[in-house]
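Heads up, protein01.cif below (mmCIF, C-alpha atoms):
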data_coords
#
loop_
_atom_site.label_atom_id
_atom_site.label_comp_id
_atom_site.auth_asym_id
_atom_site.auth_seq_id
_atom_site.Cartn_x
_atom_site.Cartn_y
_atom_site.Cartn_z
CA MET A 2 333.01 -11.19 119.29
CA GLN A 3 334.19 -9.36 116.19
CA VAL A 4 331.01 -9.94 114.13
CA PRO A 5 328.51 -8.57 116.70
CA LEU A 6 330.73 -5.52 117.28
CA LEU A 7 330.90 -4.94 113.53
CA LEU A 8 327.13 -5.23 113.24
CA LEU A 9 326.72 -2.79 116.13
CA GLU A 10 329.01 -0.30 114.41
CA LEU A 11 327.11 -0.68 111.15
CA GLY A 12 323.82 -0.20 112.99
CA GLY A 13 325.11 2.97 114.60
CA HIS A 14 326.24 4.25 111.22
CA SER A 15 322.76 3.56 109.78
CA VAL A 16 321.15 5.58 112.55
CA GLU A 17 323.58 8.44 111.91
CA VAL A 18 322.76 8.32 108.20
CA ALA A 19 319.04 8.43 108.95
CA HIS A 20 319.53 11.38 111.35
CA THR A 21 321.38 13.34 108.69
CA LEU A 22 318.95 12.52 105.88
CA ILE A 23 315.95 13.50 108.00
CA GLU A 24 317.34 16.74 109.42
CA VAL A 25 318.90 17.98 106.19
CA GLY A 26 315.93 16.79 104.14
CA ARG A 27 313.44 18.65 106.33
CA PHE A 28 315.30 21.92 105.96
CA ALA A 29 315.59 21.42 102.21
CA LEU A 30 311.85 20.71 101.87
CA ILE A 31 310.90 23.72 103.96
CA VAL A 32 313.17 26.16 102.15
CA LEU A 33 312.25 24.83 98.70
CA ALA A 34 308.49 24.94 99.35
CA ALA A 35 308.64 28.32 101.08
CA ARG A 36 310.72 29.97 98.38
CA ALA A 37 308.55 28.57 95.57
CA LEU A 38 305.37 29.86 97.20
CA ALA A 39 307.02 33.16 98.17
CA GLU A 40 307.95 33.75 94.53
CA LEU A 41 304.34 33.06 93.55
CA MET A 42 303.04 35.49 96.17
CA VAL A 43 305.39 38.24 94.99
CA ARG A 44 304.06 37.84 91.46
CA LEU A 45 300.50 38.04 92.81
CA GLN A 46 301.48 41.13 94.85
CA LEU A 47 300.76 39.35 98.13
CA PRO A 48 302.98 39.19 101.24
CA THR A 49 305.66 36.49 101.12
CA ILE A 50 304.73 35.34 104.62
CA LEU A 51 301.43 34.13 103.17
CA GLY A 52 303.43 31.93 100.80
CA GLU A 53 305.35 30.47 103.72
CA LEU A 54 302.12 29.62 105.54
CA VAL A 55 300.64 28.06 102.38
CA ALA A 56 303.85 26.10 101.87
CA GLY A 57 303.40 24.68 105.34
CA VAL A 58 299.83 23.70 104.54
CA LEU A 59 300.91 21.93 101.33
CA ILE A 60 303.68 19.86 102.92
CA GLY A 61 302.01 19.42 106.31
CA LEU A 62 298.93 17.91 107.90
CA SER A 63 296.50 19.13 105.24
CA GLY A 64 298.77 18.27 102.32
CA LEU A 65 301.52 15.81 101.55
CA HIS A 66 302.44 14.84 105.16
CA LEU A 67 306.12 15.50 104.48
CA ILE A 68 306.63 17.67 107.57
CA LEU A 69 304.52 16.78 110.60
CA PRO A 70 304.99 17.77 114.25
CA PRO A 71 304.87 14.49 116.25
CA GLU A 72 302.24 15.86 118.65
CA LEU A 73 299.70 15.85 115.81
CA GLY A 74 299.74 12.04 115.87
CA ALA A 75 299.44 11.86 112.06
CA GLN A 76 301.17 9.38 109.75
CA LEU A 77 304.23 10.55 107.82
CA ASN A 78 304.30 10.25 104.05
CA GLY A 79 305.00 6.58 103.30
CA ALA A 80 307.16 7.25 100.26
CA LEU A 81 309.36 9.61 102.24
CA VAL A 82 309.78 7.16 105.11
CA GLY A 83 310.48 4.33 102.67
CA ALA A 84 313.13 6.35 100.82
CA VAL A 85 315.00 7.21 104.04
CA ALA A 86 314.65 3.61 105.26
CA GLY A 87 316.13 2.29 102.02
CA LEU A 88 319.05 4.72 102.02
CA SER A 89 319.90 4.16 105.68
CA HIS A 90 319.15 0.41 105.76
CA LEU A 91 316.73 0.77 108.67
CA ALA A 92 313.14 -0.36 109.15
CA PRO A 93 310.39 2.23 108.45
CA ASP A 94 309.29 2.27 112.09
CA GLN A 95 312.87 3.06 113.13
CA VAL A 96 312.94 5.96 110.67
CA SER A 97 309.66 7.31 112.07
CA ALA A 98 311.04 7.07 115.60
CA ILE A 99 314.17 8.99 114.60
CA TYR A 100 312.00 11.60 112.86
CA ASN A 101 310.00 12.16 116.05
CA ASP A 102 313.09 12.24 118.25
CA THR A 103 314.85 14.85 116.11
CA PHE A 104 311.85 17.10 115.44
CA PRO A 105 312.54 19.30 118.51
CA ASN A 106 315.75 20.38 116.74
CA LEU A 107 313.64 21.86 113.94
CA GLN A 108 311.33 23.54 116.44
CA SER A 109 314.37 25.05 118.18
CA ALA A 110 315.54 26.46 114.86
CA SER A 111 312.09 27.94 114.26
CA ARG A 112 312.14 29.61 117.69
CA ILE A 113 315.52 31.14 116.82
CA GLY A 114 313.83 32.55 113.73
CA LEU A 115 310.94 33.98 115.75
CA TYR A 116 313.26 35.53 118.34
CA ALA A 117 315.54 36.95 115.63
CA LEU A 118 312.52 38.47 113.86
CA LEU A 119 311.25 40.07 117.06
CA PHE A 120 314.77 41.26 117.90
CA LEU A 121 314.98 42.87 114.46
CA THR A 122 311.57 44.45 115.03
CA GLY A 123 312.74 45.99 118.29
CA LEU A 124 315.99 47.10 116.67
CA GLU A 125 314.10 48.90 113.91
CA CYS A 126 311.76 50.65 116.33
CA GLU A 127 312.54 54.23 117.10
CA LEU A 128 312.21 54.63 120.85
CA ASP A 129 311.14 58.24 120.59
CA GLY A 130 308.44 57.10 118.18
CA LEU A 131 307.18 54.41 120.59
CA ILE A 132 307.08 56.87 123.48
CA ALA A 133 305.29 59.40 121.29
CA VAL A 134 302.46 56.93 120.61
CA ALA A 135 302.35 55.38 124.11
CA ALA A 136 298.91 56.77 124.90
CA GLN A 137 297.49 55.51 121.60
CA ALA A 138 299.13 52.10 122.00
CA ILE A 139 297.65 51.68 125.48
CA GLY A 140 294.17 52.55 124.19
CA VAL A 141 294.47 50.11 121.28
CA ALA A 142 295.82 47.34 123.53
CA LEU A 143 293.12 47.67 126.20
CA THR A 144 290.33 47.69 123.63
CA GLY A 145 291.96 44.82 121.73
CA VAL A 146 292.03 42.70 124.90
CA LEU A 147 288.83 43.61 126.73
CA LEU A 148 286.44 43.55 123.75
CA PRO A 149 287.25 40.06 122.40
CA LEU A 150 287.52 38.64 125.92
CA ALA A 151 284.13 40.00 126.96
CA LEU A 152 282.21 39.41 123.72
CA GLY A 153 283.76 36.01 123.05
CA THR A 154 283.14 34.71 126.55
CA ALA A 155 279.61 36.12 126.80
CA GLY A 156 278.63 34.93 123.33
CA LEU A 157 279.81 31.37 123.80
CA HIS A 158 278.32 31.12 127.30
CA LEU A 159 274.95 32.75 126.59
CA LEU A 160 274.32 31.97 122.91
CA PHE A 161 275.95 28.53 122.63
CA HIS A 162 275.39 27.47 126.29
CA MET A 163 279.04 26.59 126.68
CA PRO A 164 280.44 26.13 130.21
CA LEU A 165 281.96 29.32 131.55
CA LEU A 166 285.56 28.13 131.83
CA PRO A 167 285.96 26.90 128.20
CA ALA A 168 284.12 30.02 127.03
CA LEU A 169 286.50 32.19 129.05
CA PHE A 170 289.49 30.38 127.56
CA ALA A 171 288.21 30.87 123.99
CA GLY A 172 287.69 34.56 124.74
CA ALA A 173 291.22 34.76 126.14
CA ALA A 174 292.62 33.06 123.01
CA MET A 175 291.32 36.00 120.95
CA THR A 176 293.11 38.66 123.01
CA ALA A 177 296.65 38.06 121.74
CA THR A 178 298.25 39.61 118.67
CA SER A 179 301.03 37.98 116.65
CA ILE A 180 303.83 40.54 116.62
CA GLY A 181 305.88 38.31 114.32
CA ILE A 182 303.36 38.18 111.48
CA THR A 183 302.39 41.84 111.67
CA ALA A 184 306.02 42.95 111.93
CA SER A 185 306.94 40.86 108.88
CA VAL A 186 304.15 42.36 106.76
CA PHE A 187 304.74 45.90 108.03
CA GLY A 188 308.44 45.57 107.28
CA GLU A 189 307.65 44.37 103.77
CA LEU A 190 305.27 47.29 103.21
CA GLY A 191 307.75 49.78 104.62
CA VAL A 192 305.43 51.09 107.36
CA LEU A 193 307.09 49.61 110.47
CA LYS A 194 308.65 52.95 111.47
CA ARG A 195 305.57 55.03 110.67
CA ARG A 196 303.22 56.20 113.38
CA GLU A 197 300.72 53.40 112.70
CA GLY A 198 303.45 50.77 112.84
CA GLN A 199 304.70 52.08 116.17
CA ILE A 200 301.18 52.09 117.62
CA VAL A 201 300.58 48.49 116.54
CA ILE A 202 303.93 47.21 117.82
CA GLY A 203 303.46 48.93 121.18
CA ALA A 204 299.87 47.69 121.49
CA ALA A 205 300.86 44.14 120.47
CA VAL A 206 303.50 44.03 123.20
CA LEU A 207 300.92 45.14 125.78
CA ASP A 208 298.44 42.62 124.37
CA ASP A 209 300.88 39.79 124.93
CA ILE A 210 301.60 40.91 128.50
CA LEU A 211 297.89 41.11 129.32
CA GLY A 212 297.23 37.85 127.46
CA ILE A 213 299.84 36.03 129.55
CA VAL A 214 298.13 37.21 132.74
CA ILE A 215 294.69 36.12 131.51
CA LEU A 216 296.04 32.77 130.35
CA ALA A 217 297.69 32.17 133.72
CA VAL A 218 294.40 32.87 135.50
CA VAL A 219 292.32 30.59 133.25
CA VAL A 220 294.79 27.68 133.35
CA SER A 221 295.01 28.01 137.13
CA LEU A 222 291.21 27.84 137.34
CA ALA A 223 291.21 24.75 135.12
CA GLY A 224 293.72 23.07 137.43
CA GLY A 225 291.54 23.73 140.44
CA GLY A 226 293.94 26.28 141.84
CA SER A 227 292.74 29.22 143.85
CA ILE A 228 293.00 32.59 142.19
CA SER A 229 294.21 35.44 144.36
CA ALA A 230 295.23 38.98 143.57
CA GLY A 231 298.81 38.41 144.78
CA PRO A 232 300.20 36.26 141.93
CA ILE A 233 298.40 38.33 139.29
CA LEU A 234 299.75 41.61 140.67
CA LYS A 235 303.20 40.04 140.93
CA LEU A 236 303.13 39.06 137.25
CA LEU A 237 301.91 42.52 136.23
CA ALA A 238 304.63 44.15 138.32
CA ALA A 239 307.28 41.90 136.74
CA ALA A 240 306.08 42.85 133.26
CA ALA A 241 306.06 46.55 134.11
CA VAL A 242 309.57 46.41 135.59
CA PHE A 243 310.88 44.42 132.62
CA VAL A 244 309.55 46.92 130.08
CA ALA A 245 310.74 49.89 132.16
CA VAL A 246 314.26 48.44 132.49
CA SER A 247 314.38 47.76 128.74
CA LEU A 248 313.44 51.36 127.99
CA LEU A 249 316.05 52.61 130.45
CA LEU A 250 318.76 50.37 129.02
CA SER A 251 317.97 51.53 125.49
CA ARG A 252 319.13 54.96 126.65
CA GLN A 253 321.99 53.96 128.94
CA ALA A 254 323.43 50.72 127.57
CA ALA A 255 323.99 51.73 123.94
CA PRO A 256 327.27 53.63 124.64
CA LEU A 257 328.64 50.67 126.62
CA PHE A 258 327.65 48.28 123.82
CA ASP A 259 329.26 50.52 121.21
CA GLY A 260 332.45 50.79 123.27
CA LEU A 261 332.66 47.00 123.52
CA LEU A 262 332.18 46.52 119.76
CA ASP A 263 334.81 49.16 119.01
CA ARG A 264 337.35 47.13 121.01
CA LEU A 265 336.59 43.79 119.36
CA LYS A 266 338.61 42.93 116.25
CA ALA A 267 337.57 39.38 115.31
CA PRO A 268 335.17 39.15 112.34
CA GLY A 269 331.47 38.77 113.13
CA GLU A 270 331.66 40.71 116.38
CA ALA A 271 328.42 42.60 115.75
CA VAL A 272 326.23 39.55 115.23
CA ALA A 273 327.91 37.60 118.05
CA VAL A 274 327.45 40.29 120.71
CA ALA A 275 323.94 41.16 119.46
CA PHE A 276 322.93 37.50 119.61
CA LEU A 277 324.28 37.32 123.16
CA VAL A 278 322.11 40.30 124.12
CA LEU A 279 319.16 38.55 122.46
CA CYS A 280 319.74 35.37 124.46
CA LEU A 281 320.08 37.30 127.72
CA GLY A 282 316.82 39.15 127.03
CA CYS A 283 314.93 35.93 126.32
CA PHE A 284 316.43 34.29 129.41
CA ALA A 285 315.53 37.23 131.65
CA ALA A 286 311.94 37.40 130.41
CA GLN A 287 311.37 33.67 130.82
CA ALA A 288 313.02 33.65 134.25
CA ILE A 289 310.52 36.15 135.66
CA GLY A 290 307.49 34.41 134.17
CA LEU A 291 307.09 36.37 130.95
CA GLU A 292 307.28 35.07 127.38
CA ALA A 293 310.76 34.79 125.84
CA ALA A 294 309.35 36.47 122.72
CA LEU A 295 308.83 39.65 124.75
CA GLY A 296 312.47 39.45 125.84
CA ALA A 297 313.59 39.13 122.21
CA PHE A 298 311.72 42.29 121.25
CA ALA A 299 313.04 44.15 124.30
CA SER A 300 316.61 43.11 123.42
CA GLY A 301 316.30 44.73 120.02
CA LEU A 302 314.81 47.81 121.64
CA VAL A 303 317.81 48.02 124.01
CA LEU A 304 320.20 48.19 121.03
CA SER A 305 318.03 50.45 118.87
CA ASN A 306 320.08 53.54 119.82
CA SER A 307 323.43 51.91 119.09
CA ARG A 308 325.75 53.45 116.49
CA HIS A 309 326.11 49.92 115.11
CA ALA A 310 322.36 49.35 114.74
CA HIS A 311 322.54 49.22 110.93
CA ALA A 312 325.46 46.78 111.00
CA ILE A 313 323.59 44.57 113.49
CA GLU A 314 320.47 44.72 111.33
CA ALA A 315 322.46 43.64 108.26
CA ALA A 316 323.99 40.75 110.22
CA ILE A 317 320.69 39.53 111.71
CA GLU A 318 318.60 39.73 108.52
CA PRO A 319 320.05 36.49 107.02
CA LEU A 320 319.11 34.64 110.23
CA VAL A 321 315.58 35.97 109.94
CA ALA A 322 315.35 35.13 106.24
CA LEU A 323 316.27 31.50 106.92
CA PHE A 324 314.97 30.58 110.35
CA ALA A 325 311.85 32.75 110.49
CA THR A 326 310.82 30.97 107.29
CA VAL A 327 311.02 27.68 109.20
CA PHE A 328 308.84 29.16 111.94
CA PHE A 329 306.06 30.31 109.61
CA VAL A 330 306.13 27.11 107.57
CA LEU A 331 305.74 25.06 110.76
CA ILE A 332 302.63 27.07 111.65
CA GLY A 333 301.17 26.02 108.29
CA THR A 334 302.04 22.36 108.80
CA THR A 335 299.78 22.16 111.88
CA MET A 336 296.70 23.47 110.10
CA ASP A 337 294.06 20.78 109.59
CA LEU A 338 291.78 22.03 106.81
CA ALA A 339 289.63 18.90 107.19
CA VAL A 340 287.76 20.69 109.99
CA LEU A 341 286.41 23.07 107.33
CA ASN A 342 284.44 20.32 105.57
CA PRO A 343 280.74 21.11 106.20
CA LEU A 344 279.63 17.77 104.75
CA GLU A 345 281.01 16.01 107.80
CA PRO A 346 278.32 16.17 110.51
CA ALA A 347 280.88 16.17 113.31
CA ASN A 348 282.37 19.41 111.94
CA ARG A 349 279.17 21.48 111.84
CA GLU A 350 279.02 22.49 115.48
CA GLY A 351 282.65 23.58 115.37
CA LEU A 352 282.07 25.51 112.12
CA VAL A 353 279.18 27.51 113.60
CA VAL A 354 281.20 28.35 116.70
CA ALA A 355 284.23 29.08 114.49
CA ALA A 356 282.23 31.53 112.36
CA PHE A 357 281.16 33.34 115.52
CA LEU A 358 284.71 33.46 116.91
CA LEU A 359 286.18 34.61 113.58
CA VAL A 360 283.69 37.47 113.25
CA ILE A 361 284.28 38.59 116.84
CA ALA A 362 288.06 38.23 116.42
CA VAL A 363 288.07 40.43 113.31
CA LEU A 364 285.58 43.08 114.42
CA THR A 365 287.02 43.61 117.90
CA LYS A 366 290.56 44.17 116.64
CA LEU A 367 289.25 46.51 113.94
CA ALA A 368 287.38 48.38 116.67
CA ALA A 369 290.68 48.69 118.55
CA GLY A 370 292.05 50.62 115.58
CA PHE A 371 289.36 53.25 116.07
CA SER A 372 289.56 53.37 119.87
CA TYR A 373 292.36 55.88 120.41
CA ARG A 374 292.68 59.63 120.22
CA SER A 375 295.31 61.17 118.01
CA ALA A 376 295.98 64.79 117.20
CA GLU A 377 297.72 63.68 114.03
CA PRO A 378 295.85 61.90 111.21
CA THR A 379 296.50 58.15 111.13
CA ASN A 380 295.30 55.22 109.05
CA ARG A 381 293.04 53.54 111.61
CA TRP A 382 292.22 50.64 109.27
CA LEU A 383 295.93 49.88 109.13
CA VAL A 384 296.15 49.85 112.94
CA GLY A 385 293.09 47.61 113.32
CA LEU A 386 294.20 45.13 110.68
CA GLY A 387 297.71 45.10 112.12
CA MET A 388 296.25 43.90 115.42
CA MET A 389 294.24 41.11 113.79
CA PRO A 390 296.55 38.09 113.29
CA ARG A 391 296.80 35.62 116.18
CA GLY A 392 299.33 33.34 114.45
CA GLU A 393 301.84 31.61 116.69
CA VAL A 394 300.44 33.26 119.83
CA GLY A 395 296.98 31.83 119.15
CA LEU A 396 298.50 28.41 118.53
CA ILE A 397 300.33 28.62 121.86
CA PHE A 398 297.03 29.39 123.58
CA LEU A 399 295.36 26.51 121.75
CA GLY A 400 298.07 24.04 122.77
CA LEU A 401 297.91 25.07 126.41
CA GLY A 402 294.12 24.79 126.41
CA SER A 403 294.31 21.28 125.01
CA GLN A 404 296.90 20.26 127.61
CA ALA A 405 294.71 21.68 130.41
CA GLY A 406 291.70 19.67 129.18
CA LEU A 407 289.61 22.80 128.64
CA LEU A 408 288.58 22.15 125.04
CA ASN A 409 286.22 19.70 123.41
CA PRO A 410 286.90 18.80 119.75
CA ALA A 411 284.36 21.32 118.42
CA LEU A 412 285.78 24.24 120.40
CA GLU A 413 289.35 23.20 119.58
CA ALA A 414 288.48 23.19 115.87
CA ALA A 415 286.72 26.54 116.23
CA ILE A 416 289.72 28.21 117.86
CA LEU A 417 292.01 26.69 115.21
CA ILE A 418 289.85 28.13 112.42
CA MET A 419 289.83 31.53 114.15
CA VAL A 420 293.62 31.47 114.32
CA ILE A 421 293.93 30.31 110.69
CA GLY A 422 291.40 32.88 109.49
CA THR A 423 292.97 35.88 111.18
CA THR A 424 296.47 34.74 110.23
CA PHE A 425 295.61 34.44 106.54
CA LEU A 426 293.24 37.41 106.30
CA ALA A 427 295.44 40.02 107.96
CA PRO A 428 298.36 40.01 105.45
CA VAL A 429 295.97 40.09 102.49
CA LEU A 430 293.83 42.91 103.90
CA LEU A 431 296.87 44.89 104.98
CA ARG A 432 298.17 44.71 101.42
CA LEU A 433 294.81 46.00 100.15
CA VAL A 434 294.62 48.81 102.69
CA LEU A 435 298.15 50.09 102.16
CA THR A 436 300.57 49.55 99.30
CA PRO A 437 304.28 50.28 99.85
CA THR A 438 304.01 53.66 98.08
CA GLN A 439 300.72 54.80 99.62
CA PRO A 440 300.83 57.46 102.36
CA ALA A 441 300.14 56.17 105.83
CA THR A 442 297.91 59.00 106.95
CA THR A 443 294.49 58.58 105.40
CA GLY A 444 292.26 59.89 108.12
#
Take the structure in this file and express it as structure tokens.
Amino acid sequence: MQVPLLLLELGGHSVEVAHTLIEVGRFALIVLAARALAELMVRLQLPTILGELVAGVLIGLSGLHLILPPELGAQLNGALVGAVAGLSHLAPDQVSAIYNDTFPNLQSASRIGLYALLFLTGLECELDGLIAVAAQAIGVALTGVLLPLALGTAGLHLLFHMPLLPALFAGAAMTATSIGITASVFGELGVLKRREGQIVIGAAVLDDILGIVILAVVVSLAGGGSISAGPILKLLAAAAVFVAVSLLLSRQAAPLFDGLLDRLKAPGEAVAVAFLVLCLGCFAAQAIGLEAALGAFASGLVLSNSRHAHAIEAAIEPLVALFATVFFVLIGTTMDLAVLNPLEPANREGLVVAAFLLVIAVLTKLAAGFSYRSAEPTNRWLVGLGMMPRGEVGLIFLGLGSQAGLLNPALEAAILIMVIGTTFLAPVLLRLVLTPTQPATTG
């Protein structure tokens, strides 16, 4: 009996070694690739987030296959699998299985990065500034939702003779705005607290709320469910109450939060209590049917009036620097640039549809930047470009559409290209429109 038990123990140790090598190795690859490309982008005077996305492309599905989400169904880099198998004394197929089983841990870390980034965005927002631009933000949000939804759906249905439901889903996929990407670039350019930054952040939050409602309707239609006004109104009411409570708490809860921090003596109290508020905000938003990302932003907004806001910001920034990098790199790893090859006949239909979607996606969000009234001069190009990137929100829409069986390969590729295009174009164009030292009010 001793020999089999010994072999079992050795086998368990090998699995533990493989777990450690895979999880630590993935983080090392992501950080190394992201930092190398970020350094390059800085020298080219481009946003570092673009370097993180490119790093993901290079090590992901369109590059070396070193980091691959299991749902892509692609083959991991053979040399990498072989190296881990040799070091852990396991078979390559066992290593691949462990890689797939542990990948959700990396995705969880990336979500922490996204939530921390959105929390930091809310924390840096001046509530008085958001309220001051509420009318403009509502105008930008409504235009940024209704125009792409209407033009995208009508164009695909009438010009490309696509069935109404897939066309409606593609139109809905263009309504969202990636707060994370825009906030990262705006923060880097130093315009997050300016009037334009406040308009974009407020409009992006409203975009996501409206996008969730539209997505719920379309997915329900795809599942054969009956659409009634009741559930839609309930979701809208929940969103309105959630935002209203967050705004109220930002006024009322800050003194209580400050009093609690003043009583705590153990080191790290600011980041611990702030992270607890972040978790509660995400939990509350998800519990009432909203996106956790909205809860993360609202949590930061709640603490924005705290006397300890600067200390919290300093404590959260390292989390953002590390884990938000993982999030943006993972977006890049899912991008399949093979769908851009026009020499492949199967890609041509998707490329034509993709060109149409990309043009509509860009023009409608730019139009949103010119759709509001403002007594004060603002840089409307900055607002329109800030609304452009779909990023992680577009990828969420794409994944849900695939799961619901709404998309054929051509339309799936087209939506992917639209998401890639707006995600890559927005940071570059924002950098061209406004440098860190340029005034924000240009007309």
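Distance annotation: of A:Ile182, A:Ala92, A:Val85, A:Leu150, the residue with the minimal separation from Leu431 in chain A is A:Ile182; atom set is all atoms listed in the file.
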Contact check, range 22-126 of chain A to range 270-278 of chain A, at most 12 Å, counting only C-alpha atoms, closest pairs as a tab-separated table:
residue	atom	partner	partner_atom	distance
A:Ile113	CA	A:Phe276	CA	10.2
A:Gly114	CA	A:Phe276	CA	11.9
A:Tyr116	CA	A:Phe276	CA	10.0
A:Ala117	CA	A:Phe276	CA	8.4
A:Leu118	CA	A:Phe276	CA	11.9
A:Phe120	CA	A:Phe276	CA	9.1
A:Leu121	CA	A:Ala275	CA	10.4
A:Leu124	CA	A:Ala275	CA	10.3
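The residues returned by the PyMOL selection byres ((chain A and resi 101) around 12) for this structure are His20, Ile23, Glu24, Ile68, Leu69, Pro70, Pro71, Glu72, Leu73, Gly74, Ala75, Gln76, Leu77, Asp94, Gln95, Val96, Ser97, Ala98, Ile99, Tyr100, Asp102, Thr103, Phe104, Pro105, Asn106, Leu107 and Gln108 of chain A.
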Just C-alpha atoms for this one: save the residues we selected as a compact mmCIF listing (two decimals), in the frame of the given file.
# COMPACT_ATOMS: atom_id res chain seq x y z
CA HIS A 20 319.53 11.38 111.35
CA ILE A 23 315.95 13.50 108.00
CA GLU A 24 317.34 16.74 109.42
CA ILE A 68 306.63 17.67 107.57
CA LEU A 69 304.52 16.78 110.60
CA PRO A 70 304.99 17.77 114.25
CA PRO A 71 304.87 14.49 116.25
CA GLU A 72 302.24 15.86 118.65
CA LEU A 73 299.70 15.85 115.81
CA GLY A 74 299.74 12.04 115.87
CA ALA A 75 299.44 11.86 112.06
CA GLN A 76 301.17 9.38 109.75
CA LEU A 77 304.23 10.55 107.82
CA ASP A 94 309.29 2.27 112.09
CA GLN A 95 312.87 3.06 113.13
CA VAL A 96 312.94 5.96 110.67
CA SER A 97 309.66 7.31 112.07
CA ALA A 98 311.04 7.07 115.60
CA ILE A 99 314.17 8.99 114.60
CA TYR A 100 312.00 11.60 112.86
CA ASP A 102 313.09 12.24 118.25
CA THR A 103 314.85 14.85 116.11
CA PHE A 104 311.85 17.10 115.44
CA PRO A 105 312.54 19.30 118.51
CA ASN A 106 315.75 20.38 116.74
CA LEU A 107 313.64 21.86 113.94
CA GLN A 108 311.33 23.54 116.44
* Asked: Near Leu159 in chain A, counting all atoms listed in the file, which residues have an atom at most 12 Å away, once you skip same-chain residues fewer than 6 positions from it, shown as a ChimeraX atom specification?
  -> /A:151-153,165,168-169
May I have the residues from that selection written out with C-alpha atoms, as a tab-separated table (two decimals), keeping the file's coordinate frame?
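Contents of the output file result.tsv:
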chain	number	residue	atom	x	y	z
A	151	ALA	CA	284.13	40.00	126.96
A	152	LEU	CA	282.21	39.41	123.72
A	153	GLY	CA	283.76	36.01	123.05
A	165	LEU	CA	281.96	29.32	131.55
A	168	ALA	CA	284.12	30.02	127.03
A	169	LEU	CA	286.50	32.19	129.05
* Would you list the residues near (296.2, 36.8, 111.8), meaning any protein, DNA or RNA residue with an atom at most 9 Å from that point in file coordinates, counting only C-alpha atoms, as a ChimeraX atom specification? => /A:178-179,182-183,386-392,395,419-428
Box centre and edge lengths (Å, one decimal), axis-aligned, range 157-168 of chain A plus 5 Å each side, as JSON:
{"center_x": 280.1, "center_y": 29.4, "center_z": 127.2, "size_x": 21.6, "size_y": 16.6, "size_z": 19.2}
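In this structure, CA of Pro93 in chain A sits 25.1 Å away from CA of Ser109 in chain A.
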* List the neighbours of range 349-366 of chain A out to 10 Å using all atoms listed in the file; skip same-chain residues closer than 3 positions along the sequence, and give me the result as a PyMOL selection string. => chain A and resi 141-142+144-150+152-154+156-157+160-161+171-172+174-176+178+340-346+369-372+382+384-391+409-423+426-427
* Coordinates-based distance that separates CA of Gly333 in chain A from CA of Thr122 in chain A (Å, one decimal) ->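 CA of Thr122 in chain A sits 22.2 Å away from CA of Gly333 in chain A.
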* Structure fact -> Taken to one decimal, the CA of Gly61 in chain A-CA of Met336 in chain A distance is 7.7 Å
Which residues fall under the PyMOL selection byres ((chain A and resi 63) around 10) in this file, as a compact mmCIF listing (two decimals) with C-alpha atoms, in the frame of the given file?
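The file below, out.txt, is the result:
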# COMPACT_ATOMS: atom_id res chain seq x y z
CA GLY A 57 303.40 24.68 105.34
CA VAL A 58 299.83 23.70 104.54
CA LEU A 59 300.91 21.93 101.33
CA ILE A 60 303.68 19.86 102.92
CA GLY A 61 302.01 19.42 106.31
CA LEU A 62 298.93 17.91 107.90
CA GLY A 64 298.77 18.27 102.32
CA LEU A 65 301.52 15.81 101.55
CA HIS A 66 302.44 14.84 105.16
CA LEU A 69 304.52 16.78 110.60
CA GLY A 333 301.17 26.02 108.29
CA THR A 334 302.04 22.36 108.80
CA THR A 335 299.78 22.16 111.88
CA MET A 336 296.70 23.47 110.10
CA ASP A 337 294.06 20.78 109.59
CA LEU A 338 291.78 22.03 106.81
CA ALA A 339 289.63 18.90 107.19
* Using the chain letters and numbers from the file, give me the residues hit by the PyMOL selection byres ((chain A and resi 311) around 12), as a list in words. => Leu121, Leu124, Glu125, Ala271, Val272, Ala275, Gly301, Leu304, Ser305, Asn306, Ser307, Arg308, His309, Ala310, Ala312, Ile313, Glu314, Ala315, Ala316, Ile317 and Glu318 of chain A
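Residues with any atom within 6 Å of the point (306.1, 11.0, 103.7), counting all atoms listed in the file, are His66, Leu67, Leu77, Asn78, Gly79, Ala80, Leu81 and Val82 of chain A.
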* Which is closest to Val321 in chain A among A:Gln253, A:Ser111, A:Gln287, A:Thr49, if we use all atoms listed in the file? -> A:Ser111
